[in-house]
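Shown below: run-v3.txt, with compact mmCIF, C-alpha atoms.
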```txt
# COMPACT_ATOMS: atom_id res chain seq x y z
CA MET T 906 52.85 147.36 126.48
CA GLU T 907 55.78 149.21 124.93
CA ASP T 908 55.30 150.24 121.31
CA ARG T 909 58.83 149.28 120.25
CA ILE T 910 59.93 145.66 120.12
CA ARG T 911 63.21 144.85 121.86
CA LEU T 912 64.67 142.05 119.77
CA PHE T 913 67.82 140.18 120.82
CA VAL T 914 69.56 138.01 118.25
CA GLY T 915 72.39 135.59 119.00
CA CYS T 916 75.07 135.61 116.29
CA ASP T 917 78.71 134.91 115.52
CA PRO T 918 81.38 137.55 116.36
CA ASN T 919 83.63 136.87 113.35
CA ASP T 920 81.33 137.81 110.45
CA CYS T 921 80.34 134.23 109.66
CA ASP T 922 76.60 134.91 110.03
CA LEU T 923 76.26 138.08 107.93
CA GLU T 924 73.85 136.46 105.48
CA GLN T 925 71.69 135.11 108.27
CA MET T 926 71.64 138.45 110.07
CA MET T 927 70.60 140.33 106.95
CA VAL T 928 67.81 137.89 106.06
CA LEU T 929 66.50 137.82 109.62
CA GLU T 930 66.39 141.61 109.94
CA TYR T 931 64.88 142.14 106.51
CA SER T 932 62.19 139.50 107.01
CA ALA T 933 61.38 140.72 110.52
CA ARG T 934 60.98 144.35 109.48
CA LYS T 935 59.13 143.44 106.28
CA HIS T 936 56.27 141.84 108.21
CA CYS T 937 56.26 143.84 111.45
CA SER T 938 53.65 146.46 112.35
CA LEU T 939 55.82 147.92 115.15
CA PRO T 940 59.31 149.44 115.11
CA ILE T 941 62.08 147.05 116.15
CA ASP T 942 65.26 147.74 118.10
CA ILE T 943 67.78 144.94 117.48
CA GLU T 944 70.62 143.99 119.78
CA TRP T 945 73.06 141.70 117.96
CA MET T 946 74.47 139.54 120.72
CA ARG T 947 78.02 138.59 119.79
CA LEU T 948 81.19 138.05 121.75
CA SER T 949 83.37 141.11 122.24
CA ARG T 950 86.86 141.69 123.60
CA ASP T 951 85.79 145.13 124.82
CA PRO T 952 85.54 144.96 128.65
CA ALA T 953 82.75 147.55 128.51
CA SER T 954 80.55 145.30 126.37
CA PHE T 955 77.80 143.27 128.00
CA TRP T 956 78.95 140.38 125.79
CA HIS T 957 82.62 140.64 126.78
CA ALA T 958 84.85 137.56 126.93
CA ASP T 959 88.57 137.09 127.44
CA PRO T 960 89.25 133.35 127.02
CA GLY T 961 92.95 133.71 127.76
CA GLN T 962 92.27 135.24 131.17
CA GLY T 963 89.10 133.27 131.87
CA ARG T 964 87.05 136.45 132.17
CA GLY T 965 83.59 137.36 130.95
CA TRP T 966 81.42 134.79 129.20
CA ARG T 967 82.79 131.24 129.41
CA THR T 968 81.75 129.65 126.12
CA GLN T 969 83.72 126.42 125.88
CA ALA T 970 80.68 124.15 126.32
CA TRP T 971 78.47 126.02 123.86
CA ALA T 972 77.45 124.46 120.54
CA THR T 973 77.26 127.89 118.87
CA PRO T 974 79.11 131.16 119.54
CA PHE T 975 76.02 132.55 121.30
CA SER T 976 74.25 129.59 122.96
CA GLY T 977 74.20 130.99 126.50
CA PHE T 978 73.48 134.60 125.68
CA ARG T 979 69.69 134.11 125.73
CA TRP T 980 69.80 133.81 129.53
CA GLY T 981 71.45 137.23 129.80
CA VAL T 982 68.62 139.09 128.08
CA PRO T 983 66.65 139.98 131.26
CA ALA T 984 69.80 141.35 132.94
CA PHE T 985 70.64 143.41 129.83
CA CYS T 986 67.12 144.91 130.08
CA GLY T 987 67.59 145.74 133.76
CA TYR T 988 64.96 143.11 134.61
CA GLU T 989 62.25 145.39 133.24
CA GLY T 990 59.67 145.02 130.48
CA ARG T 991 59.56 142.46 127.72
CA ALA T 992 62.12 141.20 125.23
CA ILE T 993 62.16 138.72 122.37
CA TYR T 994 65.12 136.42 121.77
CA LEU T 995 65.84 134.71 118.43
CA ASP T 996 68.68 132.62 117.11
CA THR T 997 70.06 134.22 113.97
CA ASP T 998 69.27 131.25 111.68
CA MET T 999 65.65 132.26 111.16
CA VAL T 1000 63.33 133.72 108.54
CA VAL T 1001 60.44 135.68 110.04
CA LEU T 1002 57.18 135.22 108.13
CA CYS T 1003 54.77 136.74 110.66
CA ASP T 1004 54.27 140.03 112.45
CA LEU T 1005 56.54 139.95 115.52
CA ALA T 1006 53.94 142.09 117.25
CA GLU T 1007 52.01 138.82 117.66
CA LEU T 1008 54.77 137.54 119.94
CA TRP T 1009 55.38 140.92 121.56
CA ARG T 1010 51.75 141.15 122.67
CA MET T 1011 51.34 137.47 123.52
CA PRO T 1012 49.58 137.11 126.90
CA LEU T 1013 51.72 135.58 129.63
CA ASP T 1014 49.76 134.09 132.50
CA ALA T 1015 50.64 134.97 136.08
CA GLY T 1016 53.80 133.20 137.18
CA LYS T 1017 55.10 132.65 133.65
CA VAL T 1018 58.67 133.76 132.97
CA LEU T 1019 59.27 132.99 129.32
CA THR T 1020 57.73 131.33 126.31
CA GLY T 1021 58.94 128.04 124.90
CA LYS T 1022 58.14 125.38 122.37
CA GLY T 1023 57.66 121.88 123.68
CA ARG T 1024 55.91 119.83 126.31
CA LYS T 1025 56.58 118.14 129.64
CA THR T 1026 60.39 118.15 130.05
CA SER T 1027 61.35 118.73 126.40
CA TRP T 1028 61.51 122.43 125.55
CA ARG T 1029 63.14 124.72 123.02
CA PHE T 1030 64.03 128.33 123.81
CA CYS T 1031 65.44 129.49 120.47
CA VAL T 1032 62.39 131.75 120.07
CA THR T 1033 61.57 133.25 123.43
CA VAL T 1034 59.45 136.08 124.80
CA TRP T 1035 60.82 137.16 128.18
CA ASP T 1036 59.04 138.78 131.09
CA CYS T 1037 62.28 140.27 132.35
CA ALA T 1038 61.05 141.16 135.83
CA ALA T 1039 59.51 137.73 136.40
CA ALA T 1040 62.76 136.10 135.27
CA ARG T 1041 64.96 137.66 137.95
CA PRO T 1042 64.29 135.20 140.81
CA HIS T 1043 64.91 132.24 138.49
CA LEU T 1044 68.24 133.25 136.97
CA PRO T 1045 71.70 133.43 138.51
CA SER T 1046 73.38 136.82 138.75
CA ILE T 1047 74.87 138.01 135.49
CA GLU T 1048 78.36 137.62 136.98
CA ARG T 1049 77.71 133.97 137.82
CA LEU T 1050 75.97 133.38 134.49
CA ARG T 1051 79.07 134.58 132.63
CA ALA T 1052 81.58 132.80 134.84
CA GLU T 1053 80.18 129.26 134.89
CA PRO T 1054 80.89 127.28 131.67
CA ASP T 1055 77.92 124.95 132.22
CA SER T 1056 75.39 127.69 132.94
CA HIS T 1057 73.65 127.33 129.57
CA GLN T 1058 72.94 123.63 130.01
CA ARG T 1059 72.09 124.06 133.69
CA ILE T 1060 69.48 126.78 133.07
CA MET T 1061 68.00 124.78 130.19
CA ARG T 1062 67.50 121.90 132.64
CA TYR T 1063 66.08 124.22 135.28
CA PHE T 1064 63.32 125.64 133.12
CA SER T 1065 62.60 122.27 131.49
CA GLY T 1066 62.15 120.88 134.99
CA HIS T 1067 59.76 123.71 135.90
CA PRO T 1068 57.21 123.81 133.08
CA GLU T 1069 54.91 125.89 135.29
CA LEU T 1070 57.24 128.82 134.51
CA ILE T 1071 56.90 128.41 130.74
CA GLU T 1072 54.16 129.86 128.55
CA SER T 1073 53.77 127.35 125.74
CA MET T 1074 53.58 129.05 122.37
CA HIS T 1075 52.32 127.82 119.02
CA SER T 1076 54.81 125.48 117.35
CA ASP T 1077 54.77 127.50 114.12
CA TYR T 1078 56.60 130.38 115.82
CA ASN T 1079 59.64 128.10 115.94
CA ASN T 1080 59.21 125.80 112.97
CA ILE T 1081 62.24 123.51 112.88
CA ASP T 1082 63.40 122.86 109.31
CA GLY T 1083 59.88 122.76 107.89
CA GLU T 1084 58.31 120.06 110.09
CA GLY T 1085 56.44 118.76 107.06
CA LYS T 1086 54.31 121.91 106.86
CA PRO T 1087 53.65 124.12 103.82
CA LEU T 1088 55.20 127.57 103.68
CA HIS T 1089 51.94 129.37 104.39
CA ALA T 1090 51.65 127.58 107.75
CA ILE T 1091 55.08 128.68 109.00
CA ARG T 1092 55.31 131.81 111.14
CA ILE T 1093 59.04 131.74 111.92
CA LEU T 1094 61.24 129.30 110.04
CA HIS T 1095 64.17 128.06 112.08
CA TYR T 1096 66.59 126.32 109.73
CA SER T 1097 68.11 124.75 112.77
CA ASP T 1098 70.28 121.92 111.40
CA MET T 1099 73.72 123.53 111.41
CA GLY T 1100 74.90 121.28 108.60
CA THR T 1101 72.13 122.11 106.13
CA GLN T 1102 71.75 125.85 106.65
CA PHE T 1103 70.78 127.78 103.52
CA SER T 1104 73.32 130.53 104.23
CA HIS T 1105 76.32 128.22 103.90
CA LYS T 1106 76.41 128.46 100.10
CA TYR T 1107 76.96 132.21 100.46
CA ALA T 1108 79.00 132.38 103.66
CA PHE T 1109 81.57 129.64 103.07
CA PRO T 1110 82.87 130.99 99.72
CA ARG T 1111 82.84 134.56 101.06
CA LEU T 1112 84.86 133.59 104.11
CA GLU T 1113 87.29 131.64 101.95
CA ARG T 1114 87.86 134.74 99.82
CA GLU T 1115 88.50 136.68 103.02
CA GLY T 1116 90.99 134.10 104.29
CA ARG T 1117 88.75 133.00 107.15
CA ARG T 1118 86.77 129.94 108.21
CA HIS T 1119 83.21 129.47 109.35
CA TRP T 1120 82.66 128.56 113.00
CA PHE T 1121 80.70 125.43 112.05
CA ASP T 1122 83.26 122.64 111.64
CA GLY T 1123 80.85 119.78 110.85
CA ARG T 1124 79.76 118.21 107.58
CA VAL T 1125 77.75 120.44 105.19
CA LEU T 1126 74.84 118.77 103.41
CA PRO T 1127 71.93 119.94 101.22
CA HIS T 1128 68.62 120.70 102.92
CA PRO T 1129 65.83 118.29 101.87
CA ARG T 1130 63.25 121.09 101.41
CA ALA T 1131 63.96 122.93 98.15
CA ASP T 1132 61.04 125.30 98.78
CA LEU T 1133 62.58 126.46 102.04
CA ALA T 1134 65.94 126.98 100.35
CA GLU T 1135 64.23 129.12 97.69
CA LEU T 1136 62.47 131.09 100.44
CA PHE T 1137 65.82 131.98 101.96
CA ASP T 1138 67.29 132.85 98.55
CA ALA T 1139 64.30 135.06 97.75
CA CYS T 1140 64.61 136.92 101.06
CA TYR T 1141 68.34 137.30 100.48
CA ARG T 1142 67.76 138.84 97.03
CA GLU T 1143 64.93 141.05 98.29
CA ALA T 1144 67.06 142.37 101.12
CA LEU T 1145 69.85 143.36 98.74
CA SER T 1146 67.35 144.99 96.37
CA ALA T 1147 65.87 146.92 99.31
CA GLY T 1148 69.28 148.43 100.15
CA TYR T 1149 70.46 146.02 102.81
CA ALA T 1150 74.16 145.10 102.60
CA LEU T 1151 76.26 142.39 104.20
CA ASP T 1152 78.90 144.92 105.21
CA ASP T 1153 76.34 146.62 107.46
CA TYR T 1154 76.43 143.57 109.72
CA ARG T 1155 80.18 143.18 110.09
CA SER T 1156 81.59 143.33 113.58
CA PRO T 1157 83.59 146.53 114.18
CA SER T 1158 86.23 144.35 115.82
CA PRO T 1159 86.03 140.63 114.96
CA PHE T 1160 86.57 138.52 118.05
CA GLY T 1161 89.06 136.02 116.62
CA ASP T 1162 89.68 132.64 118.20
CA MET T 1163 86.94 131.57 120.57
CA MET T 1164 86.27 128.57 122.76
CA LYS T 1165 83.28 126.41 121.88
CA ALA T 1166 82.39 122.76 121.53
CA THR T 1167 83.35 121.14 118.23
CA GLN T 1168 80.57 120.08 115.87
CA ARG T 1169 82.65 117.60 113.84
CA ASP T 1170 80.31 114.78 114.88
CA TYR T 1171 77.14 116.86 114.63
CA ALA T 1172 74.23 114.68 113.54
CA GLY T 1173 71.54 117.21 112.68
CA ASN T 1174 67.91 116.32 113.26
CA HIS T 1175 65.39 113.80 112.00
CA ARG T 1176 63.68 116.37 109.79
CA THR T 1177 66.75 117.00 107.65
CA ARG T 1178 68.59 113.65 107.63
CA LYS T 1179 67.43 110.15 106.92
CA ARG T 1180 68.44 107.36 109.24
CA SER T 1181 70.17 105.50 106.41
CA LEU T 1182 72.39 108.49 105.73
CA TRP T 1183 73.29 108.77 109.39
CA SER T 1184 74.27 105.13 109.53
CA ARG T 1185 76.31 105.44 106.35
CA LEU T 1186 78.21 108.40 107.78
CA GLY T 1187 78.62 106.72 111.17
CA LEU T 1188 77.06 109.66 112.98
CA GLY T 1189 75.12 107.70 115.56
CA GLY T 1190 71.85 108.84 117.11
CA MET T 1191 69.80 111.85 116.17
CA ALA T 1192 70.10 115.24 117.79
CA ASP T 1193 67.31 117.77 117.51
```
Here is the file; what I need is its structure written in the form of structure tokens.
Amino acid sequence: MEDRIRLFVGCDPNDCDLEQMMVLEYSARKHCSLPIDIEWMRLSRDPASFWHADPGQGRGWRTQAWATPFSGFRWGVPAFCGYEGRAIYLDTDMVVLCDLAELWRMPLDAGKVLTGKGRKTSWRFCVTVWDCAAARPHLPSIERLRAEPDSHQRIMRYFSGHPELIESMHSDYNNIDGEGKPLHAIRILHYSDMGTQFSHKYAFPRLEREGRRHWFDGRVLPHPRADLAELFDACYREALSAGYALDDYRSPSPFGDMMKATQRDYAGNHRTRKRSLWSRLGLGGMAD
């Protein structure tokens, strides 16, 4: 097993997620017993970048069906690694409260390609440990992966339909918005509801001052767990006190306009929003 963790984090290319990036990196390094190499996966207009996209010319990553600016990038991790070794993928909206070496050294049984949270045909891959070599026969070529707008949804369905390829991991490594558990039971907090994310109170005013808008275009609401909000705030303050700075996470060349699915009708999940509120807002059924 390699003694350096290869961590891939999906994030926005226009500096909307700076607060999330800083908190994730600080919390991951704070608890980790191994060194970490982080690859921030964000869209780039540089043709030499692995994450290149040119929406006007229809080249590179085709993102128009993605809910976030990075949804499909997780499937490119094994190709980025040359289909060798291990890698960990995380969404950027996470606070790490465990030693990532636990995931890095997690046993994967023969025939397993990646870890996931779920059961039967319902799986989440927002925290994933990859066996990059084992993944190769089950993924399209990187050229096809980039070129097909529906590749993210299609590969999600593929792995969900082949649970024999998935190593099920403990639910607390991808705790979705608290799940009714106390803080001490959470290993990785995923504040997944895009409308209630703790970083919005920092990011939205900052972007307004900079004359820009956040990529999330849905309704912003308070998170129902005040203790989780305070956890994020505490990590944010600790990171700044430890010498971390938001400017360290800015993209050298912001991407600008990108193609992605609108979230104006985004309904969140049942852990963050009560049914009565959903009905009152006319948001329809729940999305998790």
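With atom CA of T:His1175 on one side and atom CA of T:Pro1129 on the other, the separation reads 11.1 Å.
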What are the nearest atom pairs, with distances in Å to one decimal, for all residues of stretch 1051-1119 of chain T that come at most 7 Å from stretch 1025-1047 of chain T, using all atoms listed in the file, set out by chain and rising residue number as JSON lines?
```
{"residue": "T:Arg1051", "atom": "CA", "partner": "T:Ile1047", "partner_atom": "CA", "distance": 6.1}
{"residue": "T:Ser1065", "atom": "CA", "partner": "T:Thr1026", "partner_atom": "CA", "distance": 4.9}
{"residue": "T:Gly1066", "atom": "CA", "partner": "T:Thr1026", "partner_atom": "CA", "distance": 5.9}
{"residue": "T:Pro1068", "atom": "CA", "partner": "T:Lys1025", "partner_atom": "CA", "distance": 6.7}
{"residue": "T:Asn1079", "atom": "CA", "partner": "T:Val1032", "partner_atom": "CA", "distance": 6.2}
```
Name all residues at most 12 Å from T:Lys1106 (count all atoms listed in the file; drop same-chain ones fewer than 2 positions away) and give them as a VMD selection string. chain T and resid 921 to 922 924 to 925 1100 to 1104 1108 to 1113 1119 1125 to 1128 1134 1137 to 1138 1141
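Relative to atom CA of T:Arg991, atom CA of T:Ala933 is found at 17.4 Å.
For the residues T:Ala992, T:Cys1140, T:Leu1050, T:Val1018, ranking by smallest atom-to-atom distance to T:Leu929 using only C-alpha atoms places T:Cys1140 first.
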Please build the interface table for stretch 1033-1139 of chain T against stretch 1000-1010 of chain T with a cut-off of 10 Å, listing for each qualifying residue the nearest atom pair and the distance in Å to one decimal; count only C-alpha atoms, order rows by chain and increasing number, and write it as JSON lines.
```
{"residue": "T:Thr1033", "atom": "CA", "partner": "T:Leu1008", "partner_atom": "CA", "distance": 8.8}
{"residue": "T:Val1034", "atom": "CA", "partner": "T:Leu1008", "partner_atom": "CA", "distance": 6.9}
{"residue": "T:Trp1035", "atom": "CA", "partner": "T:Trp1009", "partner_atom": "CA", "distance": 9.4}
{"residue": "T:Met1074", "atom": "CA", "partner": "T:Leu1008", "partner_atom": "CA", "distance": 8.9}
{"residue": "T:Asp1077", "atom": "CA", "partner": "T:Cys1003", "partner_atom": "CA", "distance": 9.9}
{"residue": "T:Tyr1078", "atom": "CA", "partner": "T:Cys1003", "partner_atom": "CA", "distance": 8.4}
{"residue": "T:Asn1079", "atom": "CA", "partner": "T:Val1001", "partner_atom": "CA", "distance": 9.6}
{"residue": "T:Asn1080", "atom": "CA", "partner": "T:Val1000", "partner_atom": "CA", "distance": 10.0}
{"residue": "T:Leu1088", "atom": "CA", "partner": "T:Leu1002", "partner_atom": "CA", "distance": 9.1}
{"residue": "T:His1089", "atom": "CA", "partner": "T:Leu1002", "partner_atom": "CA", "distance": 8.7}
{"residue": "T:Ala1090", "atom": "CA", "partner": "T:Leu1002", "partner_atom": "CA", "distance": 9.4}
{"residue": "T:Ile1091", "atom": "CA", "partner": "T:Leu1002", "partner_atom": "CA", "distance": 6.9}
{"residue": "T:Arg1092", "atom": "CA", "partner": "T:Leu1002", "partner_atom": "CA", "distance": 4.9}
{"residue": "T:Ile1093", "atom": "CA", "partner": "T:Val1001", "partner_atom": "CA", "distance": 4.6}
{"residue": "T:Leu1094", "atom": "CA", "partner": "T:Val1000", "partner_atom": "CA", "distance": 5.1}
{"residue": "T:His1095", "atom": "CA", "partner": "T:Val1000", "partner_atom": "CA", "distance": 6.7}
{"residue": "T:Tyr1096", "atom": "CA", "partner": "T:Val1000", "partner_atom": "CA", "distance": 8.2}
{"residue": "T:Leu1133", "atom": "CA", "partner": "T:Val1000", "partner_atom": "CA", "distance": 9.8}
{"residue": "T:Leu1136", "atom": "CA", "partner": "T:Val1000", "partner_atom": "CA", "distance": 8.6}
{"residue": "T:Phe1137", "atom": "CA", "partner": "T:Val1000", "partner_atom": "CA", "distance": 7.2}
```
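Taking atom CA of T:Lys1022 and atom CA of T:Gly1083 as endpoints, the distance between them is 14.8 Å.
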Let me make sure I understand: among T:Asp998, T:Glu1135, T:Glu1143, T:Asp917, which one has the smallest atom-to-atom distance to T:Phe978 if we use all atoms listed in the file? T:Asp917
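The nearest approach to T:Arg1059 among the residues T:Ser1146, T:Thr1020, T:Trp971, T:Pro952, with all atoms listed in the file taken into account, belongs to T:Trp971.
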Within 12 Å of (78.3, 121.5, 126.1), all atoms listed in the file: residues as a short mmCIF file (atom, residue, chain, number, x, y, z; two decimals) with C-alpha atoms, in the frame of the given file?
```cif
data_model
loop_
_atom_site.label_atom_id
_atom_site.label_comp_id
_atom_site.auth_asym_id
_atom_site.auth_seq_id
_atom_site.Cartn_x
_atom_site.Cartn_y
_atom_site.Cartn_z
CA ARG T 967 82.79 131.24 129.41
CA THR T 968 81.75 129.65 126.12
CA GLN T 969 83.72 126.42 125.88
CA ALA T 970 80.68 124.15 126.32
CA TRP T 971 78.47 126.02 123.86
CA ALA T 972 77.45 124.46 120.54
CA THR T 973 77.26 127.89 118.87
CA PRO T 974 79.11 131.16 119.54
CA SER T 976 74.25 129.59 122.96
CA GLY T 977 74.20 130.99 126.50
CA GLU T 1053 80.18 129.26 134.89
CA PRO T 1054 80.89 127.28 131.67
CA ASP T 1055 77.92 124.95 132.22
CA SER T 1056 75.39 127.69 132.94
CA HIS T 1057 73.65 127.33 129.57
CA GLN T 1058 72.94 123.63 130.01
CA ARG T 1059 72.09 124.06 133.69
CA MET T 1061 68.00 124.78 130.19
CA MET T 1164 86.27 128.57 122.76
CA LYS T 1165 83.28 126.41 121.88
CA ALA T 1166 82.39 122.76 121.53
CA THR T 1167 83.35 121.14 118.23
CA GLN T 1168 80.57 120.08 115.87
#
```
Go through T:Arg1024, T:Lys1017, T:Arg1117, T:His957 and flag the residue nearest T:Ala1052, using only C-alpha atoms for the distances. T:His957
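Of the listed residues (T:Arg1062, T:Arg1124, T:Arg1130, T:Arg979), T:Arg1130 comes nearest to T:Asp1082; the distances count all atoms listed in the file.
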Centre and edge lengths of an axis-aligned box around all listed atoms of stretch 975-983 of chain T, with 4 Å added on each side, are to be given in Å to one decimal, as lines of an AutoDock Vina configuration file.
```
center_x = 71.3
center_y = 134.8
center_z = 126.3
size_x = 17.4
size_y = 18.4
size_z = 18.0
```
